[in-house]
Each structure stands twice: as C-alpha cells, then as structure tokens.
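Asks: Before I ask anything, let me first share the structure, which is written out below as structure tokens.
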Amino acid sequence: MSEIKPSNHYYIYIKRDQKPIPWNIYDPNPPSELGLSDYYTKVFQAMEKSLKISGLIFYITWDEIDELPSYGQNVVAVVLGDEWCRIPKYFHKVKAVFKCLGISPILGCNPLLKPSLINLLTLIQFLRILVLRLPWVVNYQFYKFKSLLSCTAKIPPIYDVPQGYGNSKDLPIKDIEARPYELFFAGSLVQVPLPVWSLKYWLGTPKTLSRKLMVSSLNSFKEKYPEYKIELSITPGFHYSMNEGGNSYSERMMNTKICIVPRGTSFETIRLFEGMRYGCILVTEVLPPRWFLDGSPAIQIKDWGELEEILKKLLTNKQLMQEKHQESLNWWKNKCSEAVVGAYIAEKLNLLST
C-alpha cells in the first residue's frame with residue numbers, strides 16, 4: 001500500500017517558519033505533525049480515483065490562512081481547523097480553497113427575544129469574530145471588486161468541507177436495540193484553564209456555559225429516570241477522552257443510542273460526525289448552513305433545558321429511535337463519508353479545469 005504513488009503532491013503545512021512536510025496519502029503512517037486522522041487520508045484517496053487532472057499541489061493546514069509556500073493554478077489549499085471563519089488571504093493566488101468550519105460565522109441565538117448570560121456571551125463572541133475576520137473580508141471584497149472591473153479574472157472559489165471524525169476506529173455497526181447505553185458523553189467543560197484575573201474565568205465562555213447547562217440537564221435526567229443507562233464522563237479535554245485506556249471512546253460511542261453534541265468554540269464539531277458515522281441519534285445545538293449538514297437528521301435544540309422532553313420522546317418510542325438511527329447512518333454514507341467528500345472535491349476541481 002505504501003508503494004502506491006498519488007498523481008498529485010500533498011504537503012502538510014503548519015506554520016510559515018516551518019518547511020512543508022511531504023505526505024504520501026497511501027502511506028499507512030501519515031506524518032504526526034498535524035494530527036491527521038484516517039478521515040482525510042481516505043478522502044484524498046477517494047478524490048484521486050475521480051480526479052481527471054494531475055500534478056496539483058495540495059497544502060493541508062490546520063489554521064494557516066496568511067500564506068502558503070507556493071501559489072499558482074496548480075495549488076489547492078485545504079484548511080482543517082480555523083474556528084474564526086476567516087477567509088484565507090491567499091485565496092486569489094490558488095486554484096481553490098477547501099475549508100472546514102466555513103467562512104461565515106453564525107450567531108445561533110436571539111439575545112433580544114431570549115436574553116440570558118449565555119446568549120449575551122454568544123453575541124459578544126460573534127461580534128469579536130466579525131472584528132477579527134474583518135481584514136480578511138476586506139481583502140476578499142477588494143479582489144472581488146477588482147475581478148468585476150477587469151471582467152476577465154475569476155475569483156477562485158472557497159468550498160465547505162466537513163471536519164470528519166477524529167480518532168474513531170472502524171467498528172461493525174451495532175443495531176440501536178443492541179446498544180447497552182441510552183446516552184453517552186465524554187468531554188471537557190473547560191478546554192484551557194483560565195487565570196483568575198481573566199474576565200472569562202468569572203463569566204465563562206459560550207462553550208463552557210453551554211456544556212455546564214448540558215451536564216446539569218443530564219444529571220437532572222439521570223436522577224429523575226434512574227432506569228436509563230447514561231454514561232457521563234467529564235475529562236480534561238476531548239482528545240483525553242478519545243485516548244484513555246480500557247473501554248475506548250470509539251467502543252463506548254458505538255455502545256450508545258443517543259450522542260449528545262454540545263458546541264465547542266464553533267457549533268460544528270468533530271463529535272457530530274463521529275456520532276453520525278456510528279449511527280447514533282444526535283442531539284445538538286444549532287448547526288450552520290453547510291451542503292453536508294442542511295436537512296441532516298440531527299435533533300437541534302436552542303436550550304439544553306429542552307433536553308428532558310426530547311429524551312423522553314425518543315426513549316419511549318423504539319420505532320422513532322430505529323428510524324433516527326438509520327437516518328444517521330444514511331446521512332453519513334450519502335453526505336459526509338470519505339467517498340462522498342472525496343468525490344465532491346474531485347468534482348469541483350474537475351469543473352475548474354474545464
């Protein structure tokens with residue numbers, strides 16, 4: 001497998017002061033610098049099967065949006081982790097950009113109609129993101145205006161792509177009725193400890209407040225309905241949850257019927273795709289508009305106070321549970337799987353080359 005050579009060139013590019021790292025996408029041991037999961041390895045392998053052009057240079061980066069090692073109509077940027085919805089400054093110098101987490105932030109709540117501390121902090125974070133991304137938006141609009149004046153130059157597109165799963169294992173899918181746990185969540189409340197003089201330490205962030213409200217609702221449900229098996233594990237961080245020994249994160253995810261998906265800094269999280277891949281019933285907060293999320297079977301709630309009623313409705317209706325389970329599996333297969341996303345990237349690049 002490692003002897004197979006792709007028809008295009010792939011490089012992992014982390015920071016501008018570091019050289020890009022060559023990556024053979026068929027090598028079973030990819031470079032560890034970016035923490036690549038099997039997801040994008042398989043996405044690019046699927047893309048290679050449908051791509052009608054060769055000799056492209058792919059730069060895969062986490063959040064480097066200021067510059068790339070080289071530019072041209074043979075260069076494609078893939079940005080996996082920028083949570084600030086910024087528009088890469090180099091977008092006009094490359095063939096295309098494929099970006100996780102989008103380039104347009106969403107507010108996800110209405111602080112005027114439903115005032116609360118979490119909605120206020122969500123609004124503040126939203127406005128902060130708008131300000132932080134302003135230089136990149138100005139740069140984008142400048143080149144867009146310049147393109148209109150010239151009537152010849154085309155603005156290279158920026159395409160949304162899913163984050164996919166993190167460290168999930170390939171496991172046989174269990175039927176929803178064969179899963180011993182009704183509900184499972186393992187993750188952190190506070191990702192990075194804050195100093196006591198920080199305002200966020202006292203007020204919290206949208207992520208920490210949302211997760212604390214979620215945990216409070218889950219604990220209340222556990223006390224009220226002890227007949228249901230609910231696994232709730234608060235850890236120092238999400239990656240800690242996935243890497244801890246014993247009954248692995250993947251196995252526990254496969255053993256649960258309902259996967260709770262609270263927001264991170266962004267509303268779109270890796271946990272969403274992991275749960276979908278395993279056929280879990282997803283209960284999440286508002287999701288951003290994306291081609292691979294619009295119409296998804298995930299149950300979206302505006303307030304974690306609604307959780308009890310949603311869980312009661314699901315857990316007392318086996319037919320509904322079975323339907324939502326199958327809908328998750330189908331959505332993963334038809335919208336978010338490696339084969340579909342690989343074909344999507346290939347299709348867009350093929351069209352740009354005609």
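Residues in the structure tokens are named by chain (A, B, ... in the order shown) and by number from 1 within that chain; ligands are numbered from 1 in the order shown.
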Which residues are close to Ala46 of chain A, i.e. within 8 Å by only C-alpha atoms, leaving aside same-chain residues fewer than 2 positions away? Reply as a list in words.
Replies: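 The residues satisfying every condition are Lys42, Val43, Phe44, Glu48, Lys49, Ser50, Glu338, Ala339, Gly342 and Ala343 of chain A.
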Asks: Once you have the residues from the selection above, write them out as a compact mmCIF listing (two decimals), in the first residue's frame, restricted to N, CA and C atoms.
Replies:
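Result file is out_32.txt:
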```txt
# COMPACT_ATOMS: atom_id res chain seq x y z
N LYS A 42 -8.42 9.02 3.74
CA LYS A 42 -9.36 8.31 2.87
C LYS A 42 -10.08 9.26 1.92
N VAL A 43 -10.33 10.50 2.35
CA VAL A 43 -10.95 11.49 1.47
C VAL A 43 -10.07 11.72 0.24
N PHE A 44 -8.78 11.94 0.47
CA PHE A 44 -7.88 12.20 -0.65
C PHE A 44 -7.68 10.97 -1.53
N GLU A 48 -8.59 10.98 -5.50
CA GLU A 48 -7.65 10.58 -6.56
C GLU A 48 -8.32 9.69 -7.61
N LYS A 49 -9.29 8.89 -7.19
CA LYS A 49 -9.96 7.98 -8.12
C LYS A 49 -10.84 8.72 -9.12
N SER A 50 -11.35 9.91 -8.74
CA SER A 50 -12.27 10.65 -9.60
C SER A 50 -11.65 11.88 -10.24
N GLU A 338 -16.12 9.53 3.57
CA GLU A 338 -14.88 9.84 2.85
C GLU A 338 -15.08 9.75 1.34
N ALA A 339 -15.82 8.75 0.89
CA ALA A 339 -16.03 8.57 -0.55
C ALA A 339 -16.80 9.75 -1.14
N GLY A 342 -14.59 12.99 -0.95
CA GLY A 342 -13.54 12.88 -1.95
C GLY A 342 -14.06 13.13 -3.35
N ALA A 343 -15.24 12.56 -3.67
CA ALA A 343 -15.85 12.77 -4.98
C ALA A 343 -16.26 14.23 -5.16
```
Asks: Residues within 6 Å of Gly279 of chain A, please, as a list in words. Count only C-alpha atoms; anything in the same chain fewer than 3 positions from it doesn't count.
Replies: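 Result of the neighbour search: Met276, His325, Ser328 and Leu329 of chain A.
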Asks: Go ahead and save the picked residues with C-alpha atoms, as a CSV table (one decimal), in the first residue's frame.
Replies:
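And here is the file that came out, result.csv:
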```csv
chain,number,residue,atom,x,y,z
A,276,MET,CA,-23.3,10.1,12.8
A,325,HIS,CA,-30.6,5.5,13.9
A,328,SER,CA,-27.9,8.9,10.8
A,329,LEU,CA,-26.2,6.0,9.0
```
Asks: Kindly indicate which residue among A:Asp170, A:Glu285, A:Glu83, A:Glu33 lies nearest to Ser104 of chain A, using only C-alpha atoms for the distances.
Replies: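 Nearest to Ser104 of chain A: A:Glu83.
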Asks: Hey, what does DSSP flag as helix (DSSP H, G or I) within segment 188-351 of chain A? Can you give it to me as a count of residues only?
Replies: 89
Asks: Point out the residue among A:Met254, A:Cys100, A:Val75, A:Ala186 with the least atom-to-atom distance to Ile234 of chain A, counting only C-alpha atoms.
Replies: A:Ala186
Asks: Please list as a PyMOL selection string every residue within 9 Å of segment 180-182 of chain A, counting only C-alpha atoms and excluding residues in the same chain fewer than 5 positions away.
Replies: chain A and resi 228-231+252+255-259+315
